[in-house]
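With mmCIF, C-alpha atoms, pLDDT in the B column; chains and numbers go by the auth columns inside, this is data.cif:
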data_model
loop_
_atom_site.group_PDB
_atom_site.id
_atom_site.type_symbol
_atom_site.label_atom_id
_atom_site.label_comp_id
_atom_site.label_asym_id
_atom_site.label_seq_id
_atom_site.Cartn_x
_atom_site.Cartn_y
_atom_site.Cartn_z
_atom_site.B_iso_or_equiv
_atom_site.auth_seq_id
_atom_site.auth_asym_id
ATOM 1 C CA MET A 1 -1.089 -20.641 -8.045 63.00 1 A
ATOM 2 C CA GLU A 2 2.586 -19.850 -8.539 76.00 2 A
ATOM 3 C CA ASN A 3 3.675 -17.419 -5.831 93.00 3 A
ATOM 4 C CA LYS A 4 6.558 -16.180 -7.974 96.00 4 A
ATOM 5 C CA TYR A 5 4.140 -14.717 -10.529 98.00 5 A
ATOM 6 C CA MET A 6 2.125 -12.861 -7.909 97.00 6 A
ATOM 7 C CA LEU A 7 5.388 -11.526 -6.488 97.00 7 A
ATOM 8 C CA MET A 8 6.242 -10.283 -10.006 98.00 8 A
ATOM 9 C CA ALA A 9 2.858 -8.560 -10.143 98.00 9 A
ATOM 10 C CA ILE A 10 3.636 -6.907 -6.805 98.00 10 A
ATOM 11 C CA LYS A 11 6.962 -5.675 -8.234 98.00 11 A
ATOM 12 C CA GLU A 12 5.004 -4.135 -11.119 98.00 12 A
ATOM 13 C CA ALA A 13 2.671 -2.460 -8.609 98.00 13 A
ATOM 14 C CA GLU A 14 5.712 -1.049 -6.804 98.00 14 A
ATOM 15 C CA LYS A 15 6.859 0.532 -10.093 98.00 15 A
ATOM 16 C CA ALA A 16 3.473 2.239 -10.368 98.00 16 A
ATOM 17 C CA PHE A 17 3.772 3.442 -6.767 97.00 17 A
ATOM 18 C CA LYS A 18 7.141 5.086 -7.479 96.00 18 A
ATOM 19 C CA LEU A 19 5.635 6.918 -10.463 96.00 19 A
ATOM 20 C CA GLY A 20 2.609 8.203 -8.539 95.00 20 A
ATOM 21 C CA GLU A 21 0.182 5.749 -10.129 97.00 21 A
ATOM 22 C CA VAL A 22 -2.279 3.652 -8.117 97.00 22 A
ATOM 23 C CA PRO A 23 -0.085 0.629 -7.345 98.00 23 A
ATOM 24 C CA VAL A 24 -1.629 -2.221 -9.298 98.00 24 A
ATOM 25 C CA GLY A 25 0.428 -4.738 -11.247 98.00 25 A
ATOM 26 C CA ALA A 26 -0.385 -7.613 -13.567 98.00 26 A
ATOM 27 C CA VAL A 27 1.540 -10.525 -15.073 98.00 27 A
ATOM 28 C CA ILE A 28 0.335 -12.896 -17.802 98.00 28 A
ATOM 29 C CA VAL A 29 1.804 -16.393 -18.010 98.00 29 A
ATOM 30 C CA LYS A 30 1.436 -19.118 -20.621 97.00 30 A
ATOM 31 C CA ASP A 31 2.856 -22.596 -20.084 95.00 31 A
ATOM 32 C CA GLY A 32 5.083 -21.353 -17.277 96.00 32 A
ATOM 33 C CA VAL A 33 6.535 -18.479 -19.331 97.00 33 A
ATOM 34 C CA VAL A 34 5.851 -14.825 -18.535 98.00 34 A
ATOM 35 C CA ILE A 35 4.561 -13.212 -21.729 98.00 35 A
ATOM 36 C CA SER A 36 3.711 -9.780 -20.340 98.00 36 A
ATOM 37 C CA LYS A 37 4.017 -7.587 -17.268 98.00 37 A
ATOM 38 C CA ALA A 38 2.376 -4.234 -16.659 98.00 38 A
ATOM 39 C CA TYR A 39 1.386 -1.646 -14.099 98.00 39 A
ATOM 40 C CA ASN A 40 -1.133 1.188 -14.030 98.00 40 A
ATOM 41 C CA LYS A 41 -0.290 4.102 -16.333 98.00 41 A
ATOM 42 C CA LYS A 42 -3.476 6.201 -16.238 97.00 42 A
ATOM 43 C CA GLU A 43 -1.707 9.350 -15.066 95.00 43 A
ATOM 44 C CA LYS A 44 1.350 8.974 -17.271 96.00 44 A
ATOM 45 C CA LEU A 45 -0.636 8.258 -20.434 97.00 45 A
ATOM 46 C CA LYS A 46 -3.604 10.486 -19.491 97.00 46 A
ATOM 47 C CA CYS A 47 -5.979 7.676 -20.431 97.00 47 A
ATOM 48 C CA CYS A 48 -8.630 6.117 -18.185 97.00 48 A
ATOM 49 C CA THR A 49 -8.288 2.663 -19.780 97.00 49 A
ATOM 50 C CA LYS A 50 -4.589 2.218 -19.011 98.00 50 A
ATOM 51 C CA HIS A 51 -5.084 -0.144 -16.085 98.00 51 A
ATOM 52 C CA ALA A 52 -2.410 -2.784 -15.467 98.00 52 A
ATOM 53 C CA GLU A 53 -4.675 -5.625 -16.626 98.00 53 A
ATOM 54 C CA VAL A 54 -5.604 -3.968 -19.932 98.00 54 A
ATOM 55 C CA ILE A 55 -1.991 -3.063 -20.685 98.00 55 A
ATOM 56 C CA ALA A 56 -0.887 -6.620 -19.847 98.00 56 A
ATOM 57 C CA VAL A 57 -3.549 -8.085 -22.168 98.00 57 A
ATOM 58 C CA GLU A 58 -2.473 -5.726 -24.967 98.00 58 A
ATOM 59 C CA LYS A 59 1.201 -6.609 -24.537 98.00 59 A
ATOM 60 C CA ALA A 60 0.521 -10.359 -24.360 98.00 60 A
ATOM 61 C CA SER A 61 -1.646 -10.224 -27.489 98.00 61 A
ATOM 62 C CA LYS A 62 1.077 -8.365 -29.344 98.00 62 A
ATOM 63 C CA LYS A 63 3.748 -10.810 -28.165 97.00 63 A
ATOM 64 C CA ILE A 64 1.898 -13.928 -29.334 97.00 64 A
ATOM 65 C CA ASN A 65 0.327 -12.117 -32.295 98.00 65 A
ATOM 66 C CA ASN A 66 -3.186 -13.166 -31.307 97.00 66 A
ATOM 67 C CA TRP A 67 -5.963 -11.511 -29.289 97.00 67 A
ATOM 68 C CA ARG A 68 -6.970 -14.951 -28.007 96.00 68 A
ATOM 69 C CA LEU A 69 -4.981 -15.674 -24.862 97.00 69 A
ATOM 70 C CA ASP A 70 -6.280 -19.237 -24.475 95.00 70 A
ATOM 71 C CA GLY A 71 -4.361 -21.196 -21.852 95.00 71 A
ATOM 72 C CA CYS A 72 -2.953 -18.063 -20.219 97.00 72 A
ATOM 73 C CA ASP A 73 -3.185 -17.086 -16.565 98.00 73 A
ATOM 74 C CA ILE A 74 -3.190 -13.538 -15.227 98.00 74 A
ATOM 75 C CA TYR A 75 -1.870 -12.559 -11.814 98.00 75 A
ATOM 76 C CA VAL A 76 -3.132 -9.174 -10.663 98.00 76 A
ATOM 77 C CA THR A 77 -2.545 -7.490 -7.331 98.00 77 A
ATOM 78 C CA LEU A 78 -6.028 -6.008 -6.923 96.00 78 A
ATOM 79 C CA GLU A 79 -9.437 -7.413 -7.824 93.00 79 A
ATOM 80 C CA PRO A 80 -10.176 -6.213 -11.353 94.00 80 A
ATOM 81 C CA CYS A 81 -12.743 -3.539 -12.049 93.00 81 A
ATOM 82 C CA PRO A 82 -15.562 -4.491 -14.461 92.00 82 A
ATOM 83 C CA MET A 83 -13.715 -2.941 -17.428 94.00 83 A
ATOM 84 C CA CYS A 84 -10.611 -5.024 -16.764 95.00 84 A
ATOM 85 C CA ALA A 85 -12.646 -8.145 -16.023 93.00 85 A
ATOM 86 C CA SER A 86 -14.327 -7.742 -19.412 92.00 86 A
ATOM 87 C CA ALA A 87 -10.988 -7.348 -21.197 95.00 87 A
ATOM 88 C CA ILE A 88 -9.649 -10.435 -19.418 95.00 88 A
ATOM 89 C CA ARG A 89 -12.743 -12.426 -20.307 93.00 89 A
ATOM 90 C CA GLN A 90 -12.811 -11.275 -23.929 92.00 90 A
ATOM 91 C CA SER A 91 -9.153 -12.272 -24.299 95.00 91 A
ATOM 92 C CA ARG A 92 -10.094 -15.799 -23.180 94.00 92 A
ATOM 93 C CA ILE A 93 -7.599 -15.969 -20.324 96.00 93 A
ATOM 94 C CA SER A 94 -8.191 -19.217 -18.431 95.00 94 A
ATOM 95 C CA ASN A 95 -7.332 -18.362 -14.827 96.00 95 A
ATOM 96 C CA VAL A 96 -7.363 -15.108 -12.872 96.00 96 A
ATOM 97 C CA TYR A 97 -5.338 -14.940 -9.653 97.00 97 A
ATOM 98 C CA CYS A 98 -6.100 -11.840 -7.634 96.00 98 A
ATOM 99 C CA GLY A 99 -4.052 -10.715 -4.669 96.00 99 A
ATOM 100 C CA LEU A 100 -6.453 -8.468 -2.788 95.00 100 A
ATOM 101 C CA SER A 101 -10.218 -8.047 -2.907 90.00 101 A
ATOM 102 C CA ARG A 102 -11.586 -4.510 -3.099 83.00 102 A
ATOM 103 C CA ASN A 103 -14.078 -5.424 -0.339 78.00 103 A
ATOM 104 C CA ASN A 104 -16.798 -3.955 -2.523 76.00 104 A
ATOM 105 C CA SER A 105 -19.702 -6.351 -2.979 80.00 105 A
ATOM 106 C CA GLU A 106 -21.038 -4.571 -6.092 82.00 106 A
ATOM 107 C CA ASN A 107 -17.667 -4.797 -7.833 76.00 107 A
ATOM 108 C CA LEU A 108 -17.236 -8.442 -6.870 79.00 108 A
ATOM 109 C CA PHE A 109 -20.756 -9.263 -8.070 82.00 109 A
ATOM 110 C CA LEU A 110 -20.059 -7.669 -11.467 86.00 110 A
ATOM 111 C CA VAL A 111 -16.619 -9.240 -11.804 85.00 111 A
ATOM 112 C CA LYS A 112 -17.908 -12.714 -10.998 82.00 112 A
ATOM 113 C CA ALA A 113 -20.836 -12.231 -13.373 85.00 113 A
ATOM 114 C CA ILE A 114 -18.361 -11.377 -16.134 86.00 114 A
ATOM 115 C CA PHE A 115 -15.958 -14.239 -15.376 83.00 115 A
ATOM 116 C CA TYR A 116 -18.607 -16.940 -14.920 78.00 116 A
ATOM 117 C CA ASN A 117 -21.164 -15.956 -17.591 76.00 117 A
ATOM 118 C CA ARG A 118 -21.480 -19.064 -19.738 72.00 118 A
ATOM 119 C CA SER A 119 -22.924 -17.191 -22.727 70.00 119 A
ATOM 120 C CA ILE A 120 -19.536 -15.570 -23.471 68.00 120 A
ATOM 121 C CA ASN A 121 -16.835 -18.034 -24.503 70.00 121 A
ATOM 122 C CA LYS A 122 -15.542 -20.400 -21.824 75.00 122 A
ATOM 123 C CA PRO A 123 -15.783 -19.091 -18.230 79.00 123 A
ATOM 124 C CA CYS A 124 -12.630 -17.955 -16.407 88.00 124 A
ATOM 125 C CA ASN A 125 -11.566 -19.505 -13.140 91.00 125 A
ATOM 126 C CA TYR A 126 -11.206 -16.801 -10.492 92.00 126 A
ATOM 127 C CA TYR A 127 -9.131 -17.072 -7.321 94.00 127 A
ATOM 128 C CA CYS A 128 -8.561 -14.301 -4.800 93.00 128 A
ATOM 129 C CA GLY A 129 -6.572 -13.839 -1.606 93.00 129 A
ATOM 130 C CA PHE A 130 -2.805 -13.954 -2.177 94.00 130 A
ATOM 131 C CA PHE A 131 -0.263 -11.736 -0.369 96.00 131 A
ATOM 132 C CA GLU A 132 -3.153 -9.634 0.920 94.00 132 A
ATOM 133 C CA ASN A 133 -1.183 -7.969 3.731 95.00 133 A
ATOM 134 C CA LYS A 134 1.711 -6.962 1.476 96.00 134 A
ATOM 135 C CA ILE A 135 -0.603 -5.558 -1.206 97.00 135 A
ATOM 136 C CA SER A 136 -2.846 -3.828 1.326 95.00 136 A
ATOM 137 C CA GLU A 137 0.162 -2.091 2.913 96.00 137 A
ATOM 138 C CA LEU A 138 1.367 -0.911 -0.500 96.00 138 A
ATOM 139 C CA LEU A 139 -2.055 0.562 -1.327 95.00 139 A
ATOM 140 C CA LYS A 140 -2.422 2.172 2.114 95.00 140 A
ATOM 141 C CA SER A 141 1.040 3.732 1.822 95.00 141 A
ATOM 142 C CA PHE A 142 0.172 5.106 -1.598 95.00 142 A
ATOM 143 C CA PHE A 143 -3.045 6.770 -0.472 93.00 143 A
ATOM 144 C CA ILE A 144 -1.457 8.159 2.711 91.00 144 A
ATOM 145 C CA LYS A 145 1.320 9.649 0.569 87.00 145 A
ATOM 146 C CA LYS A 146 -1.287 11.130 -1.811 83.00 146 A
ATOM 147 C CA ARG A 147 -3.253 12.695 1.069 83.00 147 A
ATOM 148 C CA LEU A 148 -0.112 14.172 2.600 81.00 148 A
ATOM 149 C CA SER A 149 1.007 15.675 -0.717 78.00 149 A
ATOM 150 C CA LYS A 150 -2.420 17.341 -1.169 73.00 150 A
ATOM 151 C CA LYS A 151 -2.126 19.008 2.256 70.00 151 A
ATOM 152 C CA LYS A 152 1.110 20.789 1.268 60.00 152 A
#

What would the structure in this file look like if it were written as structure tokens?
Amino acid sequence: MENKYMLMAIKEAEKAFKLGEVPVGAVIVKDGVVISKAYNKKEKLKCCTKHAEVIAVEKASKKINNWRLDGCDIYVTLEPCPMCASAIRQSRISNVYCGLSRNNSENLFLVKAIFYNRSINKPCNYYCGFFENKISELLKSFFIKKRLSKKK
């Protein structure tokens, strides 16, 4: 795992934080070249599917003019939800590097089932646990800020 790519994903998450979005960032890399970066835009775009991972997959597909992202890796700050895991899997991304686990066994069970199901294309490799403290602090700060703004 290249730390520089996860740090880029964290920078994307910080952009989301500044805009009042849940701070999640994603970066897609192919052959050592960043082909897309994204952060959550659900609030801005008023669309429930605009998670960082989905936006990154869309941008990468557009950049290489192919929905198949064979040989690509994705670096995402937070363990993907099942929707994002499905998009990643359908795009045929090879490796998923996740910064922080959601600590939700149901989510992890579903995500692993999606990534490792051998009946859908080639399975993804899934790795989790990078920069956990940094990402956890960013998420905690975001939700504290949200709670405080609701009290006003």

Notebook entry, point to check: So which one's closest to Cys48 (chain A), A:Val33, A:Asp73, A:Ala13, A:Cys84? Using all atoms listed in the file, please.
Noted result: A:Cys84

Item checked: Residue nearest Cys81 (chain A) among A:Asn3, A:Ser101, A:Ser136, A:Ser61 (counting all atoms listed in the file) ->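 Ranked by minimum distance to Cys81 (chain A), first place goes to A:Ser101.
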
Next item on the list: Could you give me, as a count of residues only, the residues within 12 Å of Lys15 (chain A), counting only C-alpha atoms and dropping anything in the same chain fewer than 2 positions from it?
Entry: 24

Closest contacts (region 15-98 of chain A/region 127-134 of chain A, max 7 Å, only C-alpha atoms) as a Markdown table:
| residue | atom | partner | partner_atom | distance |
| --- | --- | --- | --- | --- |
| A:Val96 | CA | A:Tyr127 | CA | 6.1 |
| A:Tyr97 | CA | A:Tyr127 | CA | 4.9 |
| A:Cys98 | CA | A:Cys128 | CA | 4.5 |

Next item on the list: Calculate how many Å separate CA of Pro80 (chain A) from CA of Val111 (chain A), rounding to one decimal.
Entry: 7.1 Å

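Here CA of Ser86 (chain A) stands at a distance of 12.9 Å from CA of Lys122 (chain A).
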
Check: Nearest to Arg102 (chain A): which of A:Cys124, A:Cys72, A:Leu139, A:Cys47 is it, counting only C-alpha atoms?
Finding: A:Leu139

Reconstructed N, CA, C and O atoms for region 37-60 of chain A, given as a PDB file, in the frame of the given file:
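What follows is the written file part.pdb:
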ATOM      1  N   LYS A  37       4.088  -8.189 -18.601  1.00 98.00           N
ATOM      2  CA  LYS A  37       4.017  -7.587 -17.268  1.00 98.00           C
ATOM      3  C   LYS A  37       3.599  -6.139 -17.468  1.00 98.00           C
ATOM      4  O   LYS A  37       3.986  -5.517 -18.461  1.00 98.00           O
ATOM      5  N   ALA A  38       2.823  -5.624 -16.526  1.00 98.00           N
ATOM      6  CA  ALA A  38       2.376  -4.234 -16.659  1.00 98.00           C
ATOM      7  C   ALA A  38       1.969  -3.670 -15.308  1.00 98.00           C
ATOM      8  O   ALA A  38       1.720  -4.415 -14.361  1.00 98.00           O
ATOM      9  N   TYR A  39       1.893  -2.357 -15.271  1.00 98.00           N
ATOM     10  CA  TYR A  39       1.386  -1.646 -14.099  1.00 98.00           C
ATOM     11  C   TYR A  39       0.537  -0.491 -14.585  1.00 98.00           C
ATOM     12  O   TYR A  39       0.567  -0.125 -15.763  1.00 98.00           O
ATOM     13  N   ASN A  40      -0.252   0.075 -13.681  1.00 98.00           N
ATOM     14  CA  ASN A  40      -1.133   1.188 -14.030  1.00 98.00           C
ATOM     15  C   ASN A  40      -0.345   2.347 -14.633  1.00 98.00           C
ATOM     16  O   ASN A  40       0.735   2.699 -14.136  1.00 98.00           O
ATOM     17  N   LYS A  41      -0.912   2.944 -15.689  1.00 98.00           N
ATOM     18  CA  LYS A  41      -0.290   4.102 -16.333  1.00 98.00           C
ATOM     19  C   LYS A  41      -1.340   5.157 -16.710  1.00 98.00           C
ATOM     20  O   LYS A  41      -1.169   5.885 -17.677  1.00 98.00           O
ATOM     21  N   LYS A  42      -2.416   5.230 -15.937  1.00 97.00           N
ATOM     22  CA  LYS A  42      -3.476   6.201 -16.238  1.00 97.00           C
ATOM     23  C   LYS A  42      -2.962   7.637 -16.216  1.00 97.00           C
ATOM     24  O   LYS A  42      -3.282   8.425 -17.102  1.00 97.00           O
ATOM     25  N   GLU A  43      -2.209   7.977 -15.208  1.00 95.00           N
ATOM     26  CA  GLU A  43      -1.707   9.350 -15.066  1.00 95.00           C
ATOM     27  C   GLU A  43      -0.665   9.653 -16.136  1.00 95.00           C
ATOM     28  O   GLU A  43      -0.737  10.683 -16.802  1.00 95.00           O
ATOM     29  N   LYS A  44       0.267   8.758 -16.308  1.00 96.00           N
ATOM     30  CA  LYS A  44       1.350   8.974 -17.271  1.00 96.00           C
ATOM     31  C   LYS A  44       0.811   9.128 -18.692  1.00 96.00           C
ATOM     32  O   LYS A  44       1.231  10.010 -19.434  1.00 96.00           O
ATOM     33  N   LEU A  45      -0.118   8.251 -19.071  1.00 97.00           N
ATOM     34  CA  LEU A  45      -0.636   8.258 -20.434  1.00 97.00           C
ATOM     35  C   LEU A  45      -1.912   9.087 -20.595  1.00 97.00           C
ATOM     36  O   LEU A  45      -2.435   9.193 -21.693  1.00 97.00           O
ATOM     37  N   LYS A  46      -2.397   9.643 -19.470  1.00 97.00           N
ATOM     38  CA  LYS A  46      -3.604  10.486 -19.491  1.00 97.00           C
ATOM     39  C   LYS A  46      -4.766   9.773 -20.184  1.00 97.00           C
ATOM     40  O   LYS A  46      -5.471  10.334 -21.025  1.00 97.00           O
ATOM     41  N   CYS A  47      -4.946   8.499 -19.797  1.00 97.00           N
ATOM     42  CA  CYS A  47      -5.979   7.676 -20.431  1.00 97.00           C
ATOM     43  C   CYS A  47      -6.614   6.771 -19.373  1.00 97.00           C
ATOM     44  O   CYS A  47      -5.919   5.992 -18.715  1.00 97.00           O
ATOM     45  N   CYS A  48      -7.923   6.850 -19.237  1.00 97.00           N
ATOM     46  CA  CYS A  48      -8.630   6.117 -18.185  1.00 97.00           C
ATOM     47  C   CYS A  48      -8.612   4.602 -18.372  1.00 97.00           C
ATOM     48  O   CYS A  48      -8.882   3.863 -17.437  1.00 97.00           O
ATOM     49  N   THR A  49      -8.282   4.115 -19.557  1.00 97.00           N
ATOM     50  CA  THR A  49      -8.288   2.663 -19.780  1.00 97.00           C
ATOM     51  C   THR A  49      -6.932   2.017 -19.537  1.00 97.00           C
ATOM     52  O   THR A  49      -6.806   0.799 -19.670  1.00 97.00           O
ATOM     53  N   LYS A  50      -5.935   2.778 -19.164  1.00 98.00           N
ATOM     54  CA  LYS A  50      -4.589   2.218 -19.011  1.00 98.00           C
ATOM     55  C   LYS A  50      -4.379   1.620 -17.615  1.00 98.00           C
ATOM     56  O   LYS A  50      -3.468   1.990 -16.877  1.00 98.00           O
ATOM     57  N   HIS A  51      -5.235   0.653 -17.304  1.00 98.00           N
ATOM     58  CA  HIS A  51      -5.084  -0.144 -16.085  1.00 98.00           C
ATOM     59  C   HIS A  51      -4.069  -1.249 -16.366  1.00 98.00           C
ATOM     60  O   HIS A  51      -3.884  -1.655 -17.529  1.00 98.00           O
ATOM     61  N   ALA A  52      -3.438  -1.747 -15.326  1.00 98.00           N
ATOM     62  CA  ALA A  52      -2.410  -2.784 -15.467  1.00 98.00           C
ATOM     63  C   ALA A  52      -2.917  -3.987 -16.262  1.00 98.00           C
ATOM     64  O   ALA A  52      -2.219  -4.505 -17.139  1.00 98.00           O
ATOM     65  N   GLU A  53      -4.137  -4.429 -15.971  1.00 98.00           N
ATOM     66  CA  GLU A  53      -4.675  -5.625 -16.626  1.00 98.00           C
ATOM     67  C   GLU A  53      -4.842  -5.419 -18.126  1.00 98.00           C
ATOM     68  O   GLU A  53      -4.490  -6.275 -18.932  1.00 98.00           O
ATOM     69  N   VAL A  54      -5.380  -4.261 -18.513  1.00 98.00           N
ATOM     70  CA  VAL A  54      -5.604  -3.968 -19.932  1.00 98.00           C
ATOM     71  C   VAL A  54      -4.269  -3.867 -20.664  1.00 98.00           C
ATOM     72  O   VAL A  54      -4.101  -4.424 -21.761  1.00 98.00           O
ATOM     73  N   ILE A  55      -3.316  -3.182 -20.063  1.00 98.00           N
ATOM     74  CA  ILE A  55      -1.991  -3.063 -20.685  1.00 98.00           C
ATOM     75  C   ILE A  55      -1.351  -4.441 -20.823  1.00 98.00           C
ATOM     76  O   ILE A  55      -0.764  -4.760 -21.866  1.00 98.00           O
ATOM     77  N   ALA A  56      -1.467  -5.271 -19.787  1.00 98.00           N
ATOM     78  CA  ALA A  56      -0.887  -6.620 -19.847  1.00 98.00           C
ATOM     79  C   ALA A  56      -1.529  -7.451 -20.953  1.00 98.00           C
ATOM     80  O   ALA A  56      -0.832  -8.178 -21.682  1.00 98.00           O
ATOM     81  N   VAL A  57      -2.844  -7.350 -21.100  1.00 98.00           N
ATOM     82  CA  VAL A  57      -3.549  -8.085 -22.168  1.00 98.00           C
ATOM     83  C   VAL A  57      -3.059  -7.589 -23.535  1.00 98.00           C
ATOM     84  O   VAL A  57      -2.771  -8.394 -24.426  1.00 98.00           O
ATOM     85  N   GLU A  58      -2.945  -6.277 -23.686  1.00 98.00           N
ATOM     86  CA  GLU A  58      -2.473  -5.726 -24.967  1.00 98.00           C
ATOM     87  C   GLU A  58      -1.068  -6.219 -25.301  1.00 98.00           C
ATOM     88  O   GLU A  58      -0.789  -6.620 -26.435  1.00 98.00           O
ATOM     89  N   LYS A  59      -0.179  -6.179 -24.313  1.00 98.00           N
ATOM     90  CA  LYS A  59       1.201  -6.609 -24.537  1.00 98.00           C
ATOM     91  C   LYS A  59       1.286  -8.108 -24.847  1.00 98.00           C
ATOM     92  O   LYS A  59       2.034  -8.522 -25.741  1.00 98.00           O
ATOM     93  N   ALA A  60       0.513  -8.906 -24.126  1.00 98.00           N
ATOM     94  CA  ALA A  60       0.521 -10.359 -24.360  1.00 98.00           C
ATOM     95  C   ALA A  60      -0.007 -10.676 -25.758  1.00 98.00           C
ATOM     96  O   ALA A  60       0.562 -11.521 -26.469  1.00 98.00           O
TER      97      ALA A  60
END
